[in-house]
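Student: As input, take model-v7.txt (compact mmCIF, C-alpha atoms and all ligand atoms):
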# COMPACT_ATOMS: atom_id res chain seq x y z
CA MET A 26 -19.32 19.63 12.17
CA ALA A 27 -20.74 16.18 12.47
CA PHE A 28 -18.67 15.12 15.46
CA LYS A 29 -20.69 14.38 18.55
CA PRO A 30 -19.14 14.72 21.99
CA ALA A 31 -18.23 11.31 23.38
CA LYS A 32 -20.54 9.94 26.07
CA ARG A 33 -19.07 10.16 29.54
CA GLY A 34 -19.54 7.93 32.52
CA ARG A 35 -19.42 4.51 30.94
CA ARG A 36 -16.13 3.50 32.51
CA SER A 37 -15.23 3.23 36.15
CA GLU A 38 -14.09 6.32 38.03
CA HIS A 39 -10.75 4.58 38.52
CA ALA A 40 -10.23 4.01 34.82
CA GLN A 41 -11.24 7.55 33.98
CA GLN A 42 -8.84 8.93 36.53
CA LYS A 43 -6.03 6.81 35.14
CA ASN A 44 -6.48 8.23 31.68
CA ARG A 45 -7.82 11.63 32.61
CA ASN A 46 -4.97 13.64 31.34
CA TYR A 47 -3.43 12.02 28.35
CA LYS A 48 -0.73 14.64 28.17
CA GLN A 49 0.31 14.49 31.80
CA ALA A 50 0.42 10.74 31.79
CA GLY A 51 2.90 11.03 28.94
CA GLY A 52 1.04 8.46 26.95
CA HIS A 53 -1.49 5.80 27.54
CA ALA A 54 -2.47 3.23 30.14
CA GLY A 55 -0.62 -0.09 30.20
CA LYS A 56 -1.91 -3.38 28.82
CA ASN A 57 -1.74 -5.33 32.08
CA GLN A 58 -3.94 -2.94 34.00
CA ARG A 59 -6.88 -3.33 31.69
CA LYS A 60 -9.83 -5.67 31.61
CA ARG A 61 -10.90 -7.38 28.40
CA ILE A 62 -12.88 -4.81 26.43
CA MET A 63 -14.18 -5.56 22.96
CA ARG A 64 -14.71 -3.15 20.07
CA ASN A 65 -15.94 -4.32 16.65
CA GLY A 66 -15.36 -7.86 17.90
CA ILE A 67 -11.67 -7.11 18.59
CA ASP A 68 -10.20 -7.25 22.09
CA ILE A 69 -8.78 -3.74 22.49
CA SER A 70 -5.73 -5.08 24.34
CA LYS A 71 -4.59 -6.15 20.85
CA PHE A 72 -4.20 -2.45 20.06
CA ILE A 73 -1.58 -2.07 22.80
CA ASN A 74 1.96 -3.26 22.34
CA LYS A 75 5.45 -1.89 22.96
CA ALA A 76 7.76 -1.81 19.97
CA GLU A 77 10.68 -4.21 20.25
CA PRO A 78 14.08 -2.56 20.23
CA ILE A 79 15.20 -2.38 16.64
CA LYS A 80 18.08 -4.73 16.03
CA GLU A 81 20.38 -4.09 13.13
CA ALA A 82 19.55 -6.79 10.61
CA ALA A 83 22.52 -8.50 9.02
CA PRO A 84 22.92 -6.93 5.59
CA TYR A 85 21.69 -9.13 2.76
CA ILE A 86 24.52 -10.30 0.56
CA PRO A 87 23.17 -10.57 -2.97
CA THR A 88 24.41 -13.35 -5.21
CA HIS A 89 24.23 -11.07 -8.25
CA THR A 90 24.99 -7.51 -9.15
CA PHE A 91 22.78 -5.66 -11.64
CA ALA A 92 25.68 -5.93 -14.12
CA ASP A 93 25.50 -9.77 -13.89
CA PHE A 94 21.99 -9.73 -15.36
CA ASN A 95 23.32 -8.73 -18.81
CA LEU A 96 20.58 -6.20 -19.22
CA HIS A 97 20.16 -3.94 -22.21
CA GLU A 98 22.66 -1.10 -22.01
CA LEU A 99 20.06 1.68 -21.77
CA LEU A 100 18.17 -0.10 -18.99
CA GLN A 101 21.43 -0.73 -17.15
CA LYS A 102 22.21 3.00 -17.40
CA ASN A 103 18.84 3.92 -15.90
CA ILE A 104 19.32 1.47 -13.04
CA ILE A 105 22.63 3.13 -12.22
CA ALA A 106 20.98 6.57 -12.50
CA LYS A 107 18.46 5.45 -9.86
CA ASN A 108 21.36 4.63 -7.54
CA TYR A 109 20.41 0.99 -7.28
CA VAL A 110 23.67 -0.69 -6.36
CA ASN A 111 22.71 -4.12 -5.08
CA PRO A 112 19.60 -6.08 -5.97
CA SER A 113 17.21 -6.60 -3.06
CA PRO A 114 16.54 -10.26 -2.10
CA ILE A 115 13.38 -10.48 -4.22
CA GLN A 116 15.20 -8.90 -7.18
CA ASP A 117 18.25 -11.11 -6.69
CA ASN A 118 16.08 -14.19 -7.05
CA ALA A 119 13.21 -13.13 -9.31
CA ILE A 120 15.12 -11.21 -12.00
CA PRO A 121 17.35 -14.11 -13.19
CA ALA A 122 14.39 -16.53 -13.23
CA ALA A 123 12.19 -14.07 -15.13
CA LEU A 124 15.01 -13.28 -17.58
CA GLU A 125 15.23 -17.00 -18.33
CA GLY A 126 11.56 -16.81 -19.29
CA ARG A 127 10.26 -18.67 -16.25
CA ASP A 128 7.00 -17.90 -14.47
CA VAL A 129 7.65 -16.43 -11.02
CA VAL A 130 5.63 -16.27 -7.82
CA GLY A 131 7.08 -13.70 -5.41
CA ILE A 132 5.79 -13.78 -1.86
CA ALA A 133 6.84 -10.28 -0.91
CA ASN A 134 5.19 -7.15 0.39
CA THR A 135 5.57 -3.47 -0.39
CA GLY A 136 8.99 -2.11 0.43
CA THR A 137 10.92 -5.20 -0.68
CA GLY A 138 11.68 -3.83 -4.15
CA LYS A 139 9.13 -6.10 -5.84
CA THR A 140 8.21 -3.46 -8.46
CA ALA A 141 11.69 -3.47 -9.97
CA ALA A 142 11.73 -7.27 -9.66
CA PHE A 143 9.05 -7.47 -12.35
CA LEU A 144 9.66 -4.22 -14.28
CA ILE A 145 13.35 -4.86 -15.02
CA PRO A 146 12.88 -8.25 -16.75
CA ILE A 147 9.78 -7.03 -18.60
CA ILE A 148 11.48 -3.88 -19.90
CA ASN A 149 14.52 -5.90 -20.92
CA LYS A 150 12.32 -8.37 -22.78
CA ILE A 151 10.52 -5.61 -24.68
CA LEU A 152 13.84 -3.95 -25.55
CA GLU A 153 14.99 -7.25 -27.07
CA ASN A 154 11.70 -7.77 -28.88
CA PRO A 155 9.45 -4.73 -29.28
CA SER A 156 6.48 -6.87 -30.24
CA GLU A 157 6.25 -8.10 -26.62
CA THR A 158 3.44 -6.62 -24.53
CA ALA A 159 2.82 -6.62 -20.79
CA LEU A 160 -0.28 -6.20 -18.68
CA ILE A 161 0.27 -5.28 -15.04
CA ILE A 162 -2.82 -5.73 -12.86
CA THR A 163 -2.93 -3.94 -9.50
CA PRO A 164 -5.60 -3.57 -6.81
CA THR A 165 -5.63 0.24 -6.65
CA ARG A 166 -5.13 3.23 -8.87
CA GLU A 167 -2.50 4.63 -6.50
CA LEU A 168 -0.39 1.52 -6.86
CA ALA A 169 -0.85 1.58 -10.65
CA ILE A 170 0.45 5.14 -10.76
CA GLN A 171 3.36 4.31 -8.46
CA ILE A 172 4.34 1.46 -10.82
CA ASP A 173 3.99 3.72 -13.85
CA LYS A 174 6.37 6.23 -12.28
CA GLU A 175 8.93 3.48 -11.70
CA PHE A 176 8.40 2.34 -15.29
CA ALA A 177 9.07 5.89 -16.53
CA SER A 178 12.30 6.11 -14.54
CA PHE A 179 13.56 2.74 -15.83
CA THR A 180 12.72 3.71 -19.44
CA LYS A 181 14.10 7.25 -19.43
CA GLY A 182 15.47 8.01 -22.91
CA ILE A 183 14.01 4.77 -24.28
CA SER A 184 11.00 4.78 -26.61
CA LEU A 185 8.82 2.48 -24.56
CA PHE A 186 5.30 3.53 -23.71
CA SER A 187 2.83 2.71 -21.00
CA ALA A 188 -0.83 3.43 -20.37
CA VAL A 189 -2.41 3.58 -16.93
CA CYS A 190 -6.00 2.33 -17.02
CA VAL A 191 -7.71 2.80 -13.68
CA GLY A 192 -11.20 3.57 -12.49
CA GLY A 193 -12.14 7.08 -11.39
CA ALA A 194 -10.15 8.72 -14.18
CA PRO A 195 -11.50 9.74 -17.60
CA MET A 196 -11.67 6.75 -19.90
CA PHE A 197 -11.24 8.66 -23.16
CA GLN A 198 -7.66 9.64 -22.30
CA GLN A 199 -6.84 6.04 -21.44
CA ILE A 200 -8.33 4.86 -24.74
CA LYS A 201 -6.29 7.50 -26.56
CA ASN A 202 -3.10 6.25 -24.89
CA ILE A 203 -3.88 2.63 -25.77
CA ARG A 204 -4.71 3.51 -29.38
CA LYS A 205 -1.48 5.51 -29.76
CA GLY A 206 0.29 2.23 -29.14
CA CYS A 207 1.84 1.18 -25.86
CA HIS A 208 3.98 -1.72 -24.73
CA VAL A 209 2.76 -1.89 -21.18
CA VAL A 210 -0.72 -1.40 -19.71
CA ILE A 211 -0.97 -0.92 -15.95
CA GLY A 212 -4.47 -1.07 -14.58
CA THR A 213 -7.08 -2.09 -12.05
CA PRO A 214 -9.30 -5.10 -12.83
CA GLY A 215 -12.65 -3.28 -13.19
CA ARG A 216 -11.41 -0.69 -15.67
CA LEU A 217 -9.38 -3.26 -17.63
CA ILE A 218 -12.45 -5.44 -18.12
CA ASP A 219 -14.51 -2.40 -19.07
CA LEU A 220 -11.95 -1.47 -21.72
CA ALA A 221 -11.85 -5.05 -23.01
CA GLU A 222 -15.64 -5.11 -23.29
CA ARG A 223 -15.46 -1.94 -25.38
CA GLY A 224 -12.93 -3.63 -27.64
CA GLU A 225 -10.07 -1.29 -26.63
CA ILE A 226 -7.87 -3.96 -25.02
CA ASP A 227 -7.43 -7.47 -26.31
CA PHE A 228 -6.18 -9.81 -23.59
CA SER A 229 -5.45 -12.50 -26.17
CA GLY A 230 -2.51 -10.36 -27.33
CA VAL A 231 -0.84 -10.14 -23.89
CA SER A 232 2.52 -11.94 -23.86
CA ASN A 233 3.48 -11.03 -20.27
CA VAL A 234 1.22 -10.60 -17.27
CA VAL A 235 1.95 -9.35 -13.77
CA LEU A 236 -0.39 -9.61 -10.81
CA ASP A 237 0.78 -7.19 -8.15
CA GLU A 238 -0.55 -7.53 -4.60
CA ALA A 239 -2.64 -10.50 -5.68
CA ASP A 240 -3.89 -11.12 -2.13
CA LYS A 241 -5.25 -7.57 -1.91
CA MET A 242 -7.10 -8.11 -5.17
CA LEU A 243 -8.53 -11.27 -3.65
CA ASP A 244 -9.62 -9.32 -0.52
CA MET A 245 -11.26 -6.70 -2.70
CA GLY A 246 -13.30 -9.31 -4.55
CA PHE A 247 -11.45 -9.12 -7.89
CA ILE A 248 -10.37 -12.76 -8.08
CA ASP A 249 -13.02 -13.87 -10.58
CA ASP A 250 -12.35 -10.87 -12.81
CA ILE A 251 -8.67 -11.75 -12.81
CA ALA A 252 -9.33 -15.38 -13.65
CA ARG A 253 -11.54 -14.19 -16.55
CA MET A 254 -8.71 -12.05 -17.90
CA LEU A 255 -6.08 -14.78 -17.49
CA GLU A 256 -8.29 -17.30 -19.28
CA VAL A 257 -8.25 -15.24 -22.47
CA MET A 258 -4.49 -14.72 -22.48
CA PRO A 259 -2.25 -17.00 -24.57
CA GLU A 260 -1.04 -20.27 -23.02
CA ASP A 261 2.61 -19.42 -23.62
CA LYS A 262 2.59 -16.02 -21.93
CA GLN A 263 5.05 -15.35 -19.10
CA SER A 264 3.39 -14.77 -15.72
CA LEU A 265 4.81 -12.99 -12.69
CA PHE A 266 2.57 -13.02 -9.60
CA PHE A 267 3.39 -11.05 -6.45
CA SER A 268 1.53 -11.33 -3.17
CA ALA A 269 2.33 -10.59 0.47
CA THR A 270 0.56 -13.78 1.55
CA PHE A 271 -0.28 -16.99 -0.26
CA PRO A 272 -3.88 -17.97 0.48
CA LYS A 273 -5.52 -21.02 -1.11
CA LYS A 274 -7.32 -19.01 -3.81
CA ILE A 275 -4.06 -17.50 -5.03
CA GLU A 276 -2.49 -20.95 -4.97
CA ASN A 277 -5.37 -22.12 -7.18
CA LEU A 278 -4.68 -19.29 -9.65
CA VAL A 279 -1.03 -20.30 -9.75
CA GLN A 280 -1.95 -23.93 -10.41
CA SER A 281 -4.46 -23.04 -13.12
CA PHE A 282 -2.50 -20.44 -15.01
CA MET A 283 1.24 -20.82 -14.41
CA HIS A 284 3.79 -23.29 -15.71
CA ASP A 285 6.30 -24.69 -13.23
CA PRO A 286 6.80 -21.32 -11.50
CA GLU A 287 9.86 -20.39 -9.51
CA ILE A 288 8.44 -19.59 -6.05
CA ILE A 289 10.40 -17.02 -4.09
CA THR A 290 9.61 -16.08 -0.52
CA VAL A 291 11.14 -13.00 0.97
CA LYS A 292 11.06 -12.83 4.72
CA THR A 293 10.54 -9.33 5.98
CA ARG A 294 10.47 -8.20 9.55
CA ASP A 295 6.95 -8.21 10.91
CA THR A 296 6.26 -4.49 10.75
CA SER A 297 4.16 -4.61 13.91
CA LYS A 298 7.30 -5.25 15.94
CA ASN A 299 8.63 -1.80 15.01
CA ILE A 300 5.47 -0.11 16.12
CA ASP A 301 4.50 1.20 19.54
CA GLN A 302 0.77 0.54 19.72
CA ASP A 303 -1.57 2.09 22.24
CA VAL A 304 -5.14 3.18 22.76
CA VAL A 305 -6.72 6.47 23.74
CA TYR A 306 -10.10 6.62 25.42
CA THR A 307 -12.52 8.90 23.62
CA THR A 308 -14.16 9.63 26.96
CA ASP A 309 -11.03 11.35 28.28
CA PHE A 310 -11.62 14.37 26.09
CA PRO A 311 -14.59 16.72 25.76
CA THR A 312 -14.97 15.45 22.20
CA LYS A 313 -13.13 12.90 20.11
CA ILE A 314 -11.86 15.59 17.76
CA ASP A 315 -10.40 17.42 20.79
CA GLY A 316 -8.48 14.26 21.65
CA LEU A 317 -7.15 14.04 18.13
CA HIS A 318 -6.26 17.72 18.10
CA THR A 319 -4.33 17.29 21.39
CA ILE A 320 -2.28 14.38 20.03
CA LEU A 321 -1.55 16.19 16.78
CA SER A 322 -0.52 19.34 18.63
CA GLU A 323 2.01 17.59 20.88
CA GLY A 324 4.70 17.82 18.21
CA GLU A 325 5.74 14.16 18.06
CA ALA A 326 3.31 13.22 15.31
CA LYS A 327 5.16 14.76 12.39
CA LYS A 328 3.76 12.76 9.49
CA VAL A 329 0.45 11.13 10.23
CA ILE A 330 -2.10 8.93 8.51
CA ILE A 331 -5.51 8.98 10.18
CA PHE A 332 -7.99 6.23 9.33
CA ALA A 333 -11.75 6.40 9.49
CA GLY A 334 -14.32 4.06 8.01
CA MET A 335 -16.72 6.35 6.20
CA LYS A 336 -15.90 8.65 3.30
CA THR A 337 -17.95 11.46 4.86
CA THR A 338 -16.10 11.17 8.20
CA VAL A 339 -12.77 11.28 6.38
CA HIS A 340 -13.85 14.35 4.46
CA ASP A 341 -15.27 16.21 7.48
CA LEU A 342 -12.34 15.30 9.69
CA ALA A 343 -9.75 16.72 7.29
CA LEU A 344 -11.75 19.95 6.98
CA GLU A 345 -12.08 20.27 10.76
CA LEU A 346 -8.36 19.66 11.28
CA GLU A 347 -7.54 22.31 8.70
CA ARG A 348 -9.90 24.68 10.47
CA ARG A 349 -7.94 24.00 13.67
CA GLY A 350 -4.68 24.96 11.96
CA HIS A 351 -3.32 21.56 10.91
CA ARG A 352 -1.99 20.90 7.43
CA ALA A 353 -4.34 18.08 6.43
CA GLY A 354 -5.78 16.50 3.30
CA SER A 355 -8.05 13.55 2.67
CA ILE A 356 -8.33 10.66 0.23
CA HIS A 357 -11.40 8.49 -0.22
CA GLY A 358 -13.33 6.80 -2.99
CA ASP A 359 -15.53 9.78 -3.86
CA LYS A 360 -12.60 12.06 -4.65
CA ARG A 361 -11.60 12.52 -8.24
CA HIS A 362 -8.54 10.64 -9.32
CA ARG A 363 -6.45 13.72 -10.00
CA GLU A 364 -7.36 15.22 -6.65
CA ARG A 365 -6.27 12.07 -4.82
CA GLN A 366 -2.95 12.13 -6.65
CA GLN A 367 -2.38 15.77 -5.76
CA ILE A 368 -3.04 15.10 -2.09
CA LEU A 369 -0.77 12.05 -2.02
CA GLU A 370 2.02 14.06 -3.67
CA ALA A 371 1.53 16.89 -1.16
CA PHE A 372 1.77 14.36 1.69
CA LYS A 373 4.85 12.69 0.22
CA LYS A 374 6.55 16.06 -0.19
CA ASN A 375 5.53 17.15 3.32
CA ASP A 376 3.43 20.05 2.02
CA ILE A 377 0.76 18.58 4.27
CA SER A 378 1.62 16.53 7.36
CA ILE A 379 -1.70 14.74 7.90
CA LEU A 380 -3.46 12.41 5.51
CA VAL A 381 -6.95 11.31 6.47
CA ALA A 382 -7.98 8.17 4.57
CA THR A 383 -10.42 5.34 4.19
CA ASP A 384 -9.01 1.81 4.10
CA VAL A 385 -9.54 1.25 0.41
CA ALA A 386 -7.94 4.56 -0.57
CA ALA A 387 -4.87 3.77 1.53
CA ARG A 388 -4.22 0.24 0.23
CA GLY A 389 -0.73 -0.43 -1.06
CA LEU A 390 0.52 3.05 -0.23
CA ASP A 391 4.26 3.15 0.30
CA ILE A 392 4.95 6.52 1.84
CA PRO A 393 8.24 6.76 3.65
CA GLU A 394 8.73 8.29 7.09
CA VAL A 395 5.15 8.11 8.38
CA THR A 396 5.65 8.62 12.13
CA HIS A 397 2.11 7.88 13.35
CA VAL A 398 -0.97 5.99 12.29
CA ILE A 399 -4.09 7.03 14.15
CA ASN A 400 -7.21 4.88 14.04
CA TYR A 401 -9.81 7.54 14.60
CA GLU A 402 -12.37 4.82 14.05
CA ILE A 403 -11.76 1.19 14.87
CA PRO A 404 -11.21 -0.97 11.81
CA ASN A 405 -13.74 -3.63 10.96
CA SER A 406 -11.26 -6.48 11.46
CA TYR A 407 -7.92 -7.13 13.13
CA ASP A 408 -6.50 -7.85 9.70
CA THR A 409 -7.39 -4.34 8.56
CA TYR A 410 -5.82 -3.02 11.76
CA VAL A 411 -2.53 -4.75 10.96
CA HIS A 412 -2.69 -3.39 7.43
CA ARG A 413 -3.39 0.15 8.63
CA ILE A 414 -0.61 0.32 11.17
CA GLY A 415 1.83 -1.18 8.67
CA ARG A 416 1.91 2.28 7.00
CA THR A 417 4.27 3.35 9.80
CA GLY A 418 7.37 1.69 11.24
CA ARG A 419 8.70 0.97 7.75
CA ALA A 420 12.27 0.34 6.69
CA ASP A 421 13.21 -0.60 10.27
CA LYS A 422 12.19 2.81 11.62
CA LYS A 423 10.13 3.00 14.77
CA GLY A 424 6.49 3.93 14.31
CA PHE A 425 3.50 4.73 16.54
CA ALA A 426 -0.06 3.50 16.22
CA ILE A 427 -2.80 5.07 18.32
CA THR A 428 -6.35 3.75 18.34
CA PHE A 429 -9.35 5.61 19.69
CA VAL A 430 -11.55 3.25 21.70
P1 LIG A 501 8.74 -1.53 -3.80
O1 LIG A 501 8.75 -2.68 -2.83
O2 LIG A 501 8.86 -1.99 -5.20
O3 LIG A 501 7.56 -0.62 -3.58
O4 LIG A 501 10.07 -0.66 -3.53
C1 LIG A 501 10.31 0.02 -2.34
C2 LIG A 501 11.34 1.13 -2.49
O5 LIG A 501 12.66 0.58 -2.64
C3 LIG A 501 11.11 2.01 -3.71
O6 LIG A 501 11.28 3.35 -3.31
C4 LIG A 501 12.21 1.61 -4.69
O7 LIG A 501 12.60 2.66 -5.54
C5 LIG A 501 13.34 1.20 -3.74
N1 LIG A 501 14.22 0.15 -4.32
C6 LIG A 501 13.83 -0.96 -4.98
N2 LIG A 501 14.89 -1.71 -5.34
C7 LIG A 501 15.99 -1.09 -4.91
C8 LIG A 501 17.41 -1.37 -4.97
N3 LIG A 501 17.88 -2.47 -5.54
N4 LIG A 501 18.24 -0.47 -4.41
C9 LIG A 501 17.77 0.64 -3.81
N5 LIG A 501 16.46 0.98 -3.71
C10 LIG A 501 15.58 0.13 -4.25
Take the structure from the file and write it as C-alpha cells.
Ligand code: AMP
Tutor:
Amino acid sequence: MAFKPAKRGRRSEHAQQKNRNYKQAGGHAGKNQRKRIMRNGIDISKFINKAEPIKEAAPYIPTHTFADFNLHELLQKNIIAKNYVNPSPIQDNAIPAALEGRDVVGIANTGTGKTAAFLIPIINKILENPSETALIITPTRELAIQIDKEFASFTKGISLFSAVCVGGAPMFQQIKNIRKGCHVVIGTPGRLIDLAERGEIDFSGVSNVVLDEADKMLDMGFIDDIARMLEVMPEDKQSLFFSATFPKKIENLVQSFMHDPEIITVKTRDTSKNIDQDVVYTTDFPTKIDGLHTILSEGEAKKVIIFAGMKTTVHDLALELERRGHRAGSIHGDKRHRERQQILEAFKKNDISILVATDVAARGLDIPEVTHVINYEIPNSYDTYVHRIGRTGRADKKGFAITFV
C-alpha cells in the first residue's frame, strides 16, 4: 500500500491529548478551541460547523398540475406512472414557458427536478412534430446517463429514441445509434465536438438545445466549446439553460444565444446547513488509513462517499478498504465508462456502502441517502469542498462531512 504513516509531533501536546481518542471523545474537537490553521490555503475552521436543526419547510403550492399542461396523452400517462403528482417549483414555472416555445434560463441545482423541467416540454414537442430534434449538453457522462434514464422512463411505450454520446465509451456504438436515427442526443462537449468533426452530428440541424449544469461546464473549461456548438445551431432554435449559479460568462452566453428568455430562480436550502461538518487530525491515528477504518467501522457511516485528489489514491484506497472488510468501490477518470456505471449502480442499490471518488468523477451525482462525505484529502478550493459535502444532507436529511487535516 502506498499510504505512509502520518508524521507525529507537529501539534502541541495539549492538542494531541484533546483529540487522542477520536472514539472516546465521541467526535471531534470544537471550533472555538482551535487556532487558525491553514491547509491548501483554506482555514480548517471552515471545515467545522454544526448542522442547524432541520425545520419543516412550508410545502410548495404549485400553480399548475401536470394535467394543466395539456401534454400528449402517452407522456401524461408516463408521468403518472412515475408517481409525479405535483410539479416541483422549477417545473411549475419552466414547463409552461417552454411549452409556449420560449427560451428558459433555470437557476436550479440537482435535486430540484430540473431534468423533468426540460425533458417534459422537449418530449411533448417531438411528439407533436417528430421532425424536431434536441441536443442536451451535460458536463459529465454520469449526468448524461442519468438524463437518458429519465428520458427512457418518460418515453416508455413511445417510439422516441435517444443516443448518449460521452467520452470514455466506445465511439462506434454511439455513431451506430446516431445513424439509426434518434430524436435526442445527450452528450458531453468534447465527444459531441469530436462527432461533429467526423461528420456524424450536424449542429445546424438542432432545433432544441439544453445546457444542463452550465456553470459546471464553465468550471471544467468547456465554455468555448459550447459557444462553438451554439454558433452553428439555427437562430430560431429553442434554448433551455440550467445552472446552479449564474456567473458573468453564463450571462454572456444567455445574451449572445437566447431570445428574451424567461429566467426562473429556484431557491433551495443551502445544503451546508443540513450538514454536521468536522475535522479529524491525521496525527491521532497510527496511519491515516487507520483513522478512516475506525470511522467507517463505528457503524454510523452507512453510505459514504470518500474524496481524494489523485486517481491512484482513489484506486488504492478502495482496494485497501476492501482488504479491511469494507464494501467499497471507486470511480475516477481512468476507469472505463461501463465500469464506472456498474460501481455507481452498486452504490445506489447499496450493494457497496462506500464510494471512493475523485472530484471530476463525482460531479453532478445525485445519489440519495448518502450519510457521510469524508474528505480523505483536502480539496484544492473551498468551492470544491462545498460541492463535495453537498453530496450528503440532501432532501432535508441531515448529513455528516468529515475532513482529514
Ligand atoms: P433532478 O433535480 O432532475 O435530478 O431530480 C431529482 C429527483 O426528483 C429525481 O429522482 C426525480 O425523479 C425526482 N422528481 C423530479 N420531479 C418530480 C416530481 N414532480 N415529483 C416527484 N419526484 C420528482
Student: Under the rule that all atoms listed in the file are counted, which of A:Pro259, A:Pro286, A:Gly126, A:Gly66 is the nearest residue to Tyr407 (chain A)?
Tutor: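 Of A:Pro259, A:Pro286, A:Gly126, A:Gly66, the one nearest Tyr407 (chain A) is A:Gly66, counting all atoms listed in the file.
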Student: Report the closest atom pair, with its distance in Å rounded to one decimal, for each residue of chain A that has an atom no farther than 7 Å from ligand LIG 501 (chain A); count only C-alpha atoms and all ligand atoms, sort by chain and then rising residue number, and write it as a Markdown table.
Tutor:
| residue | atom | partner | partner_atom | distance |
| --- | --- | --- | --- | --- |
| A:Asn108 | CA | A:LIG501 | C9 | 6.5 |
| A:Tyr109 | CA | A:LIG501 | N4 | 3.9 |
| A:Val110 | CA | A:LIG501 | N4 | 5.8 |
| A:Asn111 | CA | A:LIG501 | N3 | 5.1 |
| A:Pro112 | CA | A:LIG501 | N3 | 4.0 |
| A:Ser113 | CA | A:LIG501 | N3 | 4.9 |
| A:Asn134 | CA | A:LIG501 | O1 | 6.6 |
| A:Thr135 | CA | A:LIG501 | O1 | 4.1 |
| A:Gly136 | CA | A:LIG501 | O1 | 3.3 |
| A:Thr137 | CA | A:LIG501 | O1 | 4.0 |
| A:Gly138 | CA | A:LIG501 | O1 | 3.4 |
| A:Lys139 | CA | A:LIG501 | O2 | 4.2 |
| A:Thr140 | CA | A:LIG501 | O2 | 3.6 |
| A:Ala141 | CA | A:LIG501 | O2 | 5.7 |
| A:Asp391 | CA | A:LIG501 | O3 | 6.3 |
Student: Could you tell me which of A:Tyr401, A:Phe310, A:Tyr410, A:Phe179 comes closest to Leu96 (chain A) if we count only C-alpha atoms?
Tutor: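 Checking each of A:Tyr401, A:Phe310, A:Tyr410, A:Phe179 against Leu96 (chain A), counting only C-alpha atoms, the winner is A:Phe179.
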Student: Just how far from CA of Val209 (chain A) is CA of Met258 (chain A), in Å to one decimal?
Tutor: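 It comes out at 14.8 Å.
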Student: In Å to one decimal, how far is CA of Met196 (chain A) from CA of Leu255 (chain A)?
Tutor: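 Here the two named atoms are 22.4 Å from each other.
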Student: Could region 174-190 of chain A be completed with N, CA and C atoms and returned as a short mmCIF file (atom, residue, chain, number, x, y, z; two decimals), keeping the file's coordinate frame?
Tutor:
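The resulting file, part16.cif, is reproduced below:
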data_model
loop_
_atom_site.label_atom_id
_atom_site.label_comp_id
_atom_site.auth_asym_id
_atom_site.auth_seq_id
_atom_site.Cartn_x
_atom_site.Cartn_y
_atom_site.Cartn_z
N LYS A 174 5.25 5.30 -12.52
CA LYS A 174 6.37 6.23 -12.28
C LYS A 174 7.69 5.49 -12.31
N GLU A 175 7.71 4.30 -11.67
CA GLU A 175 8.93 3.48 -11.70
C GLU A 175 9.26 3.10 -13.14
N PHE A 176 8.21 2.72 -13.89
CA PHE A 176 8.40 2.34 -15.29
C PHE A 176 9.05 3.50 -16.06
N ALA A 177 8.54 4.71 -15.83
CA ALA A 177 9.07 5.89 -16.53
C ALA A 177 10.54 6.10 -16.17
N SER A 178 10.91 5.87 -14.90
CA SER A 178 12.30 6.11 -14.54
C SER A 178 13.23 5.02 -15.09
N PHE A 179 12.73 3.80 -15.24
CA PHE A 179 13.56 2.74 -15.83
C PHE A 179 13.65 2.87 -17.36
N THR A 180 12.72 3.62 -17.97
CA THR A 180 12.72 3.71 -19.44
C THR A 180 13.06 5.12 -19.92
N LYS A 181 13.71 5.88 -19.06
CA LYS A 181 14.10 7.25 -19.43
C LYS A 181 14.99 7.19 -20.68
N GLY A 182 14.66 7.97 -21.68
CA GLY A 182 15.47 8.01 -22.91
C GLY A 182 15.25 6.80 -23.80
N ILE A 183 14.30 5.95 -23.45
CA ILE A 183 14.01 4.77 -24.28
C ILE A 183 12.57 4.93 -24.79
N SER A 184 12.35 4.59 -26.06
CA SER A 184 11.00 4.78 -26.61
C SER A 184 10.09 3.61 -26.26
N LEU A 185 9.81 3.47 -24.99
CA LEU A 185 8.82 2.48 -24.56
C LEU A 185 7.67 3.23 -23.91
N PHE A 186 6.45 2.77 -24.19
CA PHE A 186 5.30 3.53 -23.71
C PHE A 186 4.37 2.69 -22.84
N SER A 187 3.76 3.39 -21.90
CA SER A 187 2.83 2.71 -21.00
C SER A 187 1.51 3.47 -20.97
N ALA A 188 0.47 2.77 -20.58
CA ALA A 188 -0.83 3.43 -20.37
C ALA A 188 -1.37 2.96 -19.03
N VAL A 189 -1.79 3.93 -18.22
CA VAL A 189 -2.41 3.58 -16.93
C VAL A 189 -3.92 3.57 -17.13
N CYS A 190 -4.55 2.46 -16.81
CA CYS A 190 -6.00 2.33 -17.02
C CYS A 190 -6.67 1.99 -15.69
#
